[in-house]
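Working notes, structure below.
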Amino acid sequence: HTKPNPADVQNTICALRLDGSGEMEVLAGGRDFYAAPRLSPDGSQLAYICWDHPSMPWDATELFVAALDPSTGRVASEESVCGGAGQATSVLQPAWSPGGLLHFVSDQTGWWNLYERSPSGELTNLCPRSAEFSGAAPGWGLGGQNYCFLPDGRVVTCYEDRETGTSNLV
């Protein structure tokens with residue numbers, strides 16, 4: 001909410017100074033909703049999802065990766081990774097592997113499957129199935145993640161099989 005008009009609501013992703021001054025720097029703004037900001041392990045990139053009204057997060061979201069300036073921490077550049085204008089694609093649960101690869105859940109095949117983004121920007125469906133890997137959590141619920149990274153580099157997740165009604169760990 002902004003001054004002087006508290007009815008003017010602006011959602012952003014901000015960086016806060018840790019010196020107690022309370023100063024904020026807007027890293028991403030201009031969209032109606034933001035969720036799941038995640039810093040890469042080396043701190044050089046920020047991934048986040050965003051969407052606009054009237055879409056809901058399971059209808060149409062967009063995943064961005066912003067490169068951060070190493071000396072200032074400000075956004076140097078950003079790119080859309082998945083979803084976007086005019087696409088009915090939902091993206092949820094972005095997370096960086098310990099090795100620095102971006103992972104996320106997307107329904108671009110019609111099912112919420114788990115994807116990995118390579119250093120060159122190629123998207124790979126890690127376990128293509130006609131099944132949901134989302135954990136059935138609503139997109140506005142912050143912090144949820146239906147997969148994790150093992151020390152040996154593998155990814156553990158579960159999917160819901162709609163035909164059998166079971167959850168399967170893979």
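Naming scheme: A, B, ... for chains in displayed order of the structure tokens; residues 1 onward per chain; ligands 1 onward as shown.
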
Please provide the set of residues having any atom within 7 Å of segment 74-84 of chain A, restricted to only C-alpha atoms, with same-chain residues fewer than 4 positions apart removed, written as JSON, numbers by chain.
{"A": [27, 61, 62, 63, 64, 65, 66, 67, 68, 69, 89, 90, 91]}

I'd like the neighbourhood of Gly99 of chain A as a list of chain:residue names, where a residue qualifies if any of its atoms comes within 12 Å (using only C-alpha atoms), though same-chain residues fewer than 4 positions away should be ignored.
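Final neighbour list, sorted by chain and number: A:Ser40, A:Pro41, A:Asp42, A:Ala95, A:His103, A:Glu116, A:Arg117, A:Ser118, A:Pro119, A:Phe149, A:Leu150, A:Pro151, A:Asp152, A:Gly153, A:Arg154, A:Val155.
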
I'd like the neighbourhood of Gln108 of chain A as a count of residues only, where a residue qualifies if any of its atoms comes within 12 Å (using only C-alpha atoms), though same-chain residues fewer than 3 positions away should be ignored.
27

Looking at only C-alpha atoms, which of A:Ser106, A:Gly20, A:Pro70, A:Tyr48 is the one that sits closest to Leu126 of chain A?
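Checking each candidate against Leu126 of chain A, we get A:Ser106 as the closest.
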
Can you work out which one of A:Cys127, A:Thr109, A:Pro6, A:Gly143 has the shortest atom-to-atom distance to Pro37 of chain A, counting only C-alpha atoms?
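Distance minimum relative to Pro37 of chain A lands on A:Gly143.
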
Rounded to one decimal place, report the atom CA of Asp19 of chain A-atom CA of Ile49 of chain A distance in Å.
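Computed distance, atom CA of Asp19 of chain A to atom CA of Ile49 of chain A, equals 28.0 Å.
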
At a cut-off of 12 Å, using only C-alpha atoms, what residues contact Asn168 of chain A? Leave out same-chain residues fewer than 4 positions from it and give the result as a ChimeraX atom specification.
/A:129,131-133,135,146,156-162,164

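Residues lying within 8 Å of Asp32 of chain A, counting only C-alpha atoms and ignoring same-chain neighbours fewer than 5 positions away, are A:Gln10, A:Asn11, A:Cys50, A:Trp51, A:Asp52, A:His53.
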
Where in chain A does DSSP assign strand (DSSP E or B), given as a ChimeraX atom specification?
/A:13-16,24-28,33-39,45-51,62-68,75-83,91-96,102-106,113-117,123-125,132,147-149,155-161,166-169

Would you compute the distance between atom CA of Asp107 of chain A and atom CA of Ser134 of chain A? Give it in Å to one decimal.
9.2 Å

For atom CA of Thr12 of chain A and atom CA of Gly86 of chain A, the interatomic separation in Å (one decimal)
21.8 Å

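Between Gly144 of chain A and the residues A:Leu102, A:Leu46, A:Ala36, A:Leu169, the shortest atom-to-atom distance, using only C-alpha atoms, involves A:Ala36.
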